[in-house]
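Engineer: Dropping the structure in here first, questions after.
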Amino acid sequence: MPRTKKVVIPVVKYGKVDTFKRTIAWFKKYKAVLFFSIIFGIISTLLNSAVPIIGAYLLEKINAMPASDDVQKVFSEVLWLGMILIFAYLLSFAFQITSIMVNIVVGQKVSRKVRNDLVVKLNTLPLIYYDKNAVGDTMNIICGNSFAISHCITTNVANIINNSIQSVAVLIGMILISWQMSAASIALLLIAAVFIVFFLRLVGKYNHQLMKANGKMSGVVEETFSGIEIVKNFNLEKHYNKKFDERNAELNKLEKKCGVINNINSIVLNFIINAVLIALATVAGFLALKFGDPSLVLIYPSYVIFINFLAGPITSISSDLSSLQNYMAQSNRVYSLTEAEEQKVDYKFPNKIKKVAGAIEFKNVSFSYVENTPIINNFSIKIKPGQKVAIVGPTGAGKTTIINLLMRFYDPKKGSILIDGVDIKTLKRTAVHALFGMVLQDTWVFKDTIANNLIYTKKNVTREEMERVCKLTNIDHFVKTLPKQYDTIIDNAVSISDGEKQLLTITRAMIQNAPIVILDEATSGIDTRLEIIVQTAMDKLLKGRTSFVIAHRLSTIKNADIILVMNNGNIVEHGNHETLLSKNGFYAKLYNSQFNM
C-alpha cells in the first residue's frame, strides 16, 4: 500500500512547568519515600555544611592557643571540636548514602514502570502510528529516553536541592564570621561562576557533537556490512572506505577536542578556584590594612575551607541544570508517545459469529490515509465462501490497504465491510484478527525452537499434526537435517535461508487453520522448485476457505475466482483471469508485460 513517509516522532514542546509536572506524576506512588529521602539529603547537607563552620572555629581556637592563659582548657575544647567534626562527617556520610540508595531504588522502579507503560501504550496505538514513525526512533524512546524521567528527579533535582542548601548554609556561616571577607568571597565566586558555566557549556557542546559524529560513523558501518553482498558484487569497497574515512576523520577531530577539554576540565576548575583563593588572600591583606584589623588575615585559612566547600556545589548546580534541560527534552519525547492518539475503542456491545462460513462483502467502501486523497472510492463487491481473491497491481498501488481494512487495522471512512452479513465494526478487533491466518512477504521468526515457532499462533497442536503439515510444505525435509530437528533453536548458530524462513511462516499459517487466509507475496522468497510444492500444498489448504492472495507474479493467480486490479491506490478492474484478459485493459497489460520482458 502507499504508506506515508517514515518521519522522526514529533516532539511535543510542553512548557518547562508542564514537563516537570508530568515528570513528577510518575513518582506519585513513591512520594512518601522520596520525601524522607529528601529530608535525609537535607540533613546530610546541613551536617556537611557545618563542617567548614566548625573547622573555622577550630582554626581560630588553635591560632589563639599560644596566647591563651589556660592552654589545657583550650586544648580540651579543640579536642572536643575535632571529635564533633569527625562525628558530623560520619553522620553526614550515613544520611547521604541512605538518600542515594533510596533514590537509586525509586529511580529504577520508575524507569521500569515508564518502560512497561510505553509498551502497553504501543499495543493500543493504531497501525497508522507505525506507518508514520520510524521503528528505531520508537525503540530509542523506550530503551533510552525513558531513563531520563527518573534520572532528572532522583539525580538532578535532588542534587540541585542539596547543593543549593549547602551553598546557602556555608554563605550564612561565612557572613557570621566576617561580612567583609564574605562580600569579597561572593564577588570573586560570582566572577568565577561565569567562567565555570562557560567552560561546562563548551564541554557539553563538544560532547554532543562527538555523539552525533559517532552515530554517523556507526551508520556507515551498519550500511556497509548489512549490505556486504551488494558492496562486494558492485566493487564498492573503495567507495565505502572513502566514506568511512571521511566520517572517521570527522570523529577523530572531535575526539581530539573532547579529549583535551575533558582532560583539562578538572585542571581548569582547580585553576579558577586557586585564582579565587589567591585573589581573596590579596583582598584580605588589603582589608586588614584599610580597617586596621589583622584578624581578617588570620581568618583567611577559614575562608579557604569555605570556598572549597562552595566551589563544588556551584559547579554541580551548573552541571545539573544543563543536564536537567537535556533530560527534560528527552522526557518530552516520552510524552509524545504516551499522549499519542490511541486506537478507537471497540464496539461496546460486540456481535459474534458462531460459525464462520467466509462470505465477505465490501459495501460502498471509501478510504483515504490522507484527507482529500482517496485510495478506495465507493468500492463494492461480494465474495462467496471459499472463493479465492487475488489482489494485483504495481508496487505502491494500495494492495495491502484492502487487507488492512479487512482485518480492521483501519476502518473505512464510508461504507462497511461484512463477514457473513455482520459488519466488522460491530466485532472486537481481536475477534476479527482471530478469523485470519496470515503469511507476509517479510518473514518473521523469533529465537526459540522450530516447533515453538510453528505453533506460535495455535498452542494445542500435537507433534504428529504439526509434522503432517510440515510434510505438505516440504519443510520436514530440511528440519530433519538440523542438529535437534524440531527442537533446534533458531539463532545465529543455525543457518536458515530466507526461503526456509518463509516456509516456516507458511507452515505456521497452515497449522493455525483459520477460516480465512491472507497470503501477501507468500512465495516470494522460495525458489521455483519449492514454489510448486508449496503452491500445491496451499491449494489443498485453501480448499473450502475464503482466501486473499497478493501477488506480483500473475501466473500464480490465474485460478483465482476474483482478481482485484489496483493502480495508483484505486481498484480499476475486477473479475476472473479470462474476463480481465478479454477486456484488454490494465490487467491485460500487466499480465502480458511479464511474458514480453
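Each chain in the C-alpha cells gets a letter, A, B and so on, in the order shown; residues start at 1 in every chain, and ligands are counted from 1 in the order they appear.
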Quick one: residues within 7 Å of range 517-522 of chain A, only C-alpha atoms counted, chain neighbours fewer than 6 positions away excluded, as a PyMOL selection string?
Structural biologist: chain A and resi 436-441+546-551
Engineer: Kindly save the residues from that selection, with all heavy atoms included, as a CSV table (one decimal), in the first residue's frame.
Structural biologist:
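Final output, out19.csv:
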chain,number,residue,atom,x,y,z
A,436,PHE,N,-8.4,-14.7,10.8
A,436,PHE,CA,-7.5,-14.7,9.6
A,436,PHE,C,-6.2,-15.4,10.0
A,436,PHE,O,-5.6,-15.2,11.0
A,436,PHE,CB,-7.2,-13.3,9.2
A,436,PHE,CG,-8.3,-12.5,8.6
A,436,PHE,CD1,-9.2,-11.8,9.5
A,436,PHE,CD2,-8.6,-12.6,7.3
A,436,PHE,CE1,-10.3,-11.2,8.9
A,436,PHE,CE2,-9.7,-11.9,6.7
A,436,PHE,CZ,-10.5,-11.2,7.6
A,437,GLY,N,-5.7,-16.3,9.0
A,437,GLY,CA,-4.4,-16.8,9.0
A,437,GLY,C,-3.6,-15.9,8.0
A,437,GLY,O,-4.2,-15.5,7.0
A,438,MET,N,-2.4,-15.6,8.3
A,438,MET,CA,-1.7,-14.6,7.5
A,438,MET,C,-0.2,-15.0,7.3
A,438,MET,O,0.5,-15.4,8.2
A,438,MET,CB,-1.7,-13.2,8.2
A,438,MET,CG,-1.5,-12.1,7.3
A,438,MET,SD,-1.9,-10.5,8.1
A,438,MET,CE,-1.8,-9.4,6.8
A,439,VAL,N,0.2,-14.9,6.0
A,439,VAL,CA,1.6,-15.1,5.7
A,439,VAL,C,2.1,-13.8,4.9
A,439,VAL,O,1.6,-13.5,3.9
A,439,VAL,CB,1.8,-16.3,4.8
A,439,VAL,CG1,3.3,-16.5,4.4
A,439,VAL,CG2,1.3,-17.6,5.5
A,440,LEU,N,3.1,-13.1,5.5
A,440,LEU,CA,3.6,-11.9,5.0
A,440,LEU,C,4.8,-12.1,4.1
A,440,LEU,O,5.5,-13.1,4.1
A,440,LEU,CB,3.9,-10.9,6.1
A,440,LEU,CG,2.8,-10.5,7.0
A,440,LEU,CD1,3.3,-9.7,8.2
A,440,LEU,CD2,1.6,-9.8,6.3
A,441,GLN,N,5.1,-11.1,3.3
A,441,GLN,CA,6.3,-11.1,2.4
A,441,GLN,C,7.5,-11.1,3.3
A,441,GLN,O,8.5,-11.8,3.0
A,441,GLN,CB,6.3,-9.9,1.5
A,441,GLN,CG,7.5,-9.9,0.5
A,441,GLN,CD,7.4,-8.8,-0.5
A,441,GLN,OE1,6.4,-8.0,-0.4
A,441,GLN,NE2,8.4,-8.7,-1.3
A,546,THR,N,-12.2,-19.1,2.3
A,546,THR,CA,-12.0,-17.9,1.6
A,546,THR,C,-10.6,-17.4,1.8
A,546,THR,O,-10.0,-17.4,2.9
A,546,THR,CB,-13.0,-16.8,2.2
A,546,THR,OG1,-14.3,-17.3,2.2
A,546,THR,CG2,-13.0,-15.5,1.4
A,547,SER,N,-10.0,-17.0,0.7
A,547,SER,CA,-8.6,-16.6,0.8
A,547,SER,C,-8.3,-15.3,-0.1
A,547,SER,O,-9.0,-15.0,-1.1
A,547,SER,CB,-7.7,-17.7,0.3
A,547,SER,OG,-8.0,-18.0,-1.1
A,548,PHE,N,-7.3,-14.5,0.4
A,548,PHE,CA,-6.9,-13.3,-0.3
A,548,PHE,C,-5.4,-13.5,-0.6
A,548,PHE,O,-4.6,-13.8,0.3
A,548,PHE,CB,-7.2,-12.1,0.5
A,548,PHE,CG,-8.6,-11.8,0.7
A,548,PHE,CD1,-9.4,-12.4,1.6
A,548,PHE,CD2,-9.2,-10.8,-0.1
A,548,PHE,CE1,-10.7,-12.1,1.8
A,548,PHE,CE2,-10.6,-10.5,0.0
A,548,PHE,CZ,-11.3,-11.2,1.0
A,549,VAL,N,-5.0,-13.3,-1.9
A,549,VAL,CA,-3.7,-13.5,-2.3
A,549,VAL,C,-3.2,-12.2,-2.9
A,549,VAL,O,-3.7,-11.8,-3.9
A,549,VAL,CB,-3.5,-14.7,-3.2
A,549,VAL,CG1,-2.1,-14.9,-3.7
A,549,VAL,CG2,-4.1,-16.0,-2.6
A,550,ILE,N,-2.1,-11.7,-2.4
A,550,ILE,CA,-1.4,-10.5,-3.0
A,550,ILE,C,-0.2,-11.1,-3.8
A,550,ILE,O,0.6,-11.8,-3.2
A,550,ILE,CB,-1.0,-9.5,-2.0
A,550,ILE,CG1,-2.2,-8.9,-1.2
A,550,ILE,CG2,-0.2,-8.4,-2.6
A,550,ILE,CD1,-1.8,-8.0,-0.1
A,551,ALA,N,-0.1,-10.8,-5.0
A,551,ALA,CA,0.9,-11.4,-5.8
A,551,ALA,C,1.4,-10.4,-6.9
A,551,ALA,O,0.6,-9.6,-7.5
A,551,ALA,CB,0.5,-12.7,-6.5
Engineer: Do a neighbour search on Lys484 in chain A at 12 Å with only C-alpha atoms, toss out local chain neighbours closer than 3 positions, and write the hits as a list in words.
Structural biologist: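 So the residues in contact are Thr449, Ile450, Ala451, Phe478, Val479, Lys480, Thr481, Asp487, Thr488, Ile489, Ile490 and Val494 of chain A.
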Engineer: How would the residues just chosen look if you wrote them out with N, CA and C atoms as a CSV table (one decimal), in the first residue's frame?
Structural biologist:
chain,number,residue,atom,x,y,z
A,449,THR,N,12.7,-22.6,19.7
A,449,THR,CA,12.8,-23.8,18.9
A,449,THR,C,11.9,-23.7,17.6
A,450,ILE,N,12.2,-24.5,16.6
A,450,ILE,CA,11.4,-24.5,15.4
A,450,ILE,C,10.0,-24.9,15.7
A,451,ALA,N,9.8,-25.9,16.6
A,451,ALA,CA,8.5,-26.3,17.0
A,451,ALA,C,7.6,-25.2,17.6
A,478,PHE,N,14.1,-30.4,5.4
A,478,PHE,CA,15.3,-29.6,5.9
A,478,PHE,C,15.3,-29.6,7.4
A,479,VAL,N,14.2,-29.7,8.1
A,479,VAL,CA,14.2,-29.7,9.6
A,479,VAL,C,14.9,-30.9,10.1
A,480,LYS,N,14.7,-32.1,9.4
A,480,LYS,CA,15.3,-33.3,9.8
A,480,LYS,C,16.8,-33.3,9.7
A,481,THR,N,17.3,-32.3,8.9
A,481,THR,CA,18.8,-32.3,8.7
A,481,THR,C,19.5,-31.4,9.8
A,487,ASP,N,13.4,-29.5,17.7
A,487,ASP,CA,13.8,-28.8,18.9
A,487,ASP,C,15.0,-27.9,18.8
A,488,THR,N,15.4,-27.7,17.5
A,488,THR,CA,16.6,-26.8,17.3
A,488,THR,C,16.2,-25.4,17.5
A,489,ILE,N,17.0,-24.7,18.2
A,489,ILE,CA,16.7,-23.2,18.5
A,489,ILE,C,17.3,-22.4,17.3
A,490,ILE,N,16.4,-21.5,16.8
A,490,ILE,CA,16.8,-20.7,15.7
A,490,ILE,C,17.6,-19.5,16.2
A,494,VAL,N,22.6,-21.3,13.9
A,494,VAL,CA,21.8,-22.2,13.0
A,494,VAL,C,21.6,-21.4,11.7
Engineer: Taking the DSSP secondary structure from the backbone, can you list the residues of range 274-504 of chain A that are strand (DSSP E), as a ChimeraX atom specification?
Structural biologist: /A:360-367,376-383,388-392,414-419,422-423,436-439
Engineer: Please extract the residues of range 342-429 of chain A with a backbone DSSP assignment of helix (DSSP H, G or I) and present them as a list of chain:residue names.
Structural biologist: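 Taking range 342-429 of chain A and keeping helix (DSSP H, G or I) only, one gets A:Lys399, A:Thr400, A:Thr401, A:Ile402, A:Ile403, A:Asn404, A:Leu405, A:Leu406, A:Ile424, A:Lys425, A:Thr426, A:Arg429.
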Engineer: Could you dump the residues just selected with C-alpha atoms as a CSV table (one decimal), in the first residue's frame?
Structural biologist:
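Output saved as part13.csv:
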chain,number,residue,atom,x,y,z
A,399,LYS,CA,-2.9,-3.7,-2.4
A,400,THR,CA,-2.2,-4.0,1.3
A,401,THR,CA,-4.8,-1.4,2.1
A,402,ILE,CA,-7.6,-3.8,1.2
A,403,ILE,CA,-6.1,-6.3,3.7
A,404,ASN,CA,-5.7,-3.6,6.4
A,405,LEU,CA,-9.4,-2.7,6.1
A,406,LEU,CA,-10.5,-6.3,6.0
A,424,ILE,CA,-16.9,-6.0,11.3
A,425,LYS,CA,-17.2,-2.6,13.0
A,426,THR,CA,-19.5,-4.3,15.4
A,429,ARG,CA,-10.7,-6.2,16.7
Engineer: With only C-alpha atoms as the atoms that count, which of A:Asn584, A:Leu503, A:Leu210, A:Gly82 lies nearest to Lys256 in chain A?
Structural biologist: A:Leu210
Engineer: Compare A:Ser49, A:Ser92, A:Thr155, A:Ser146 by their minimum atom-to-atom distance to Gly173 in chain A, counting only C-alpha atoms, and give me the closest one.
Structural biologist: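 Among A:Ser49, A:Ser92, A:Thr155, A:Ser146, it is A:Ser49 that comes nearest to Gly173 in chain A.
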Engineer: I'd like the interatomic distance between CA of Met407 in chain A and CA of Leu435 in chain A, to a tenth of an Å.
Structural biologist: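 It comes out at 8.7 Å.
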Engineer: Need to verify the contact set: Asn163 in chain A, 8 Å, only C-alpha atoms, exclusion of same-chain residues closer than 4 positions in sequence. Can you return it as a list in words?
Structural biologist: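 Once the nearby chain positions are removed, what remains is Thr45, Asn159, Ser167, Pro313, Ile314, Ser316 and Ile317 of chain A.
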Engineer: Write out as a VMD selection string the residues lying within 9 Å of Ala311 in chain A, counting only C-alpha atoms and excluding same-chain residues fewer than 3 positions away.
Structural biologist: chain A and resid 167 189 193 269 273 306 to 308 314 to 316
Engineer: What would the file look like if the residues just selected were written as a PDB file, in the first residue's frame with C-alpha atoms?
Structural biologist:
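Heads up, here's the output in selection.pdb:
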ATOM      1  CA  SER A 167      25.648  26.907  49.414  1.00  0.00           C
ATOM      2  CA  LEU A 189      32.989  33.382  43.255  1.00  0.00           C
ATOM      3  CA  ALA A 193      30.983  31.060  38.182  1.00  0.00           C
ATOM      4  CA  LEU A 269      38.274  24.272  37.561  1.00  0.00           C
ATOM      5  CA  ILE A 273      39.341  28.127  42.435  1.00  0.00           C
ATOM      6  CA  PHE A 306      34.562  27.856  52.920  1.00  0.00           C
ATOM      7  CA  ILE A 307      35.416  28.485  49.273  1.00  0.00           C
ATOM      8  CA  ASN A 308      36.369  24.856  48.691  1.00  0.00           C
ATOM      9  CA  ILE A 314      28.334  25.876  42.387  1.00  0.00           C
ATOM     10  CA  THR A 315      29.949  23.687  39.716  1.00  0.00           C
ATOM     11  CA  SER A 316      27.496  20.848  40.390  1.00  0.00           C
TER      12      SER A 316
END
Engineer: Nearest to Leu171 in chain A: which of A:Ile305, A:Ala357, A:Leu125, A:Leu202 is it, counting only C-alpha atoms?
Structural biologist: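 Of A:Ile305, A:Ala357, A:Leu125, A:Leu202, the one nearest Leu171 in chain A, counting only C-alpha atoms, is A:Ile305.
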Engineer: When you count only C-alpha atoms, which of these residues is closest to Thr23 in chain A: A:Arg115, A:His151, A:His552, A:Arg508?
Structural biologist: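 That would be A:His151, the residue with the smallest distance to Thr23 in chain A.
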Engineer: CA of Asn576 in chain A and CA of Ile563 in chain A, how far apart in Å?
Structural biologist: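 According to the coordinates, CA of Ile563 in chain A and CA of Asn576 in chain A are separated by 5.5 Å.
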Engineer: State, in Å with one decimal place, the distance from CA of Tyr327 in chain A to CA of Ile149 in chain A.
Structural biologist: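 Rounded to one decimal, the two atoms are 7.0 Å apart.
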Engineer: Can you write out as a Markdown table which residues of range 143-191 of chain A fall within 12 Å of range 31-34 of chain A, alongside each residue's closest atom pair and its distance in Å to one decimal, counting only C-alpha atoms and ordering rows by chain and ascending residue number?
Structural biologist:
| residue | atom | partner | partner_atom | distance |
| --- | --- | --- | --- | --- |
| A:Ser150 | CA | A:Leu34 | CA | 12.0 |
| A:Ile153 | CA | A:Leu34 | CA | 9.9 |
| A:Thr154 | CA | A:Leu34 | CA | 8.6 |
| A:Thr155 | CA | A:Leu34 | CA | 11.8 |
| A:Val157 | CA | A:Leu34 | CA | 11.7 |
| A:Ala158 | CA | A:Leu34 | CA | 9.8 |
Engineer: Which residue is closest to Thr138 in chain A? Choose from A:Val334, A:Cys152, A:Leu277, A:Leu581 and count only C-alpha atoms.
Structural biologist: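 Closest candidate: A:Val334.
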Engineer: Neighbouring residues of Pro515 in chain A were defined as those with any atom within 12 Å, considering only C-alpha atoms; residues of the same chain fewer than 5 positions away were excluded. Please report them as a list of chain:residue names.
Structural biologist: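 Residues meeting the cut-off are A:Ile353, A:Lys355, A:Val356, A:Ala357, A:Gly358, A:Ala359, A:Ile360, A:Pro385, A:Gly386, A:Gln387, A:Ile419, A:Asp420, A:Val432, A:His433, A:Ala434, A:Leu435, A:Phe436, A:Gly437, A:Met438, A:Ala509, A:Met510, A:Leu541, A:Leu542, A:Lys543, A:Gly544, A:Arg545, A:Thr546, A:Ser547, A:Phe548.
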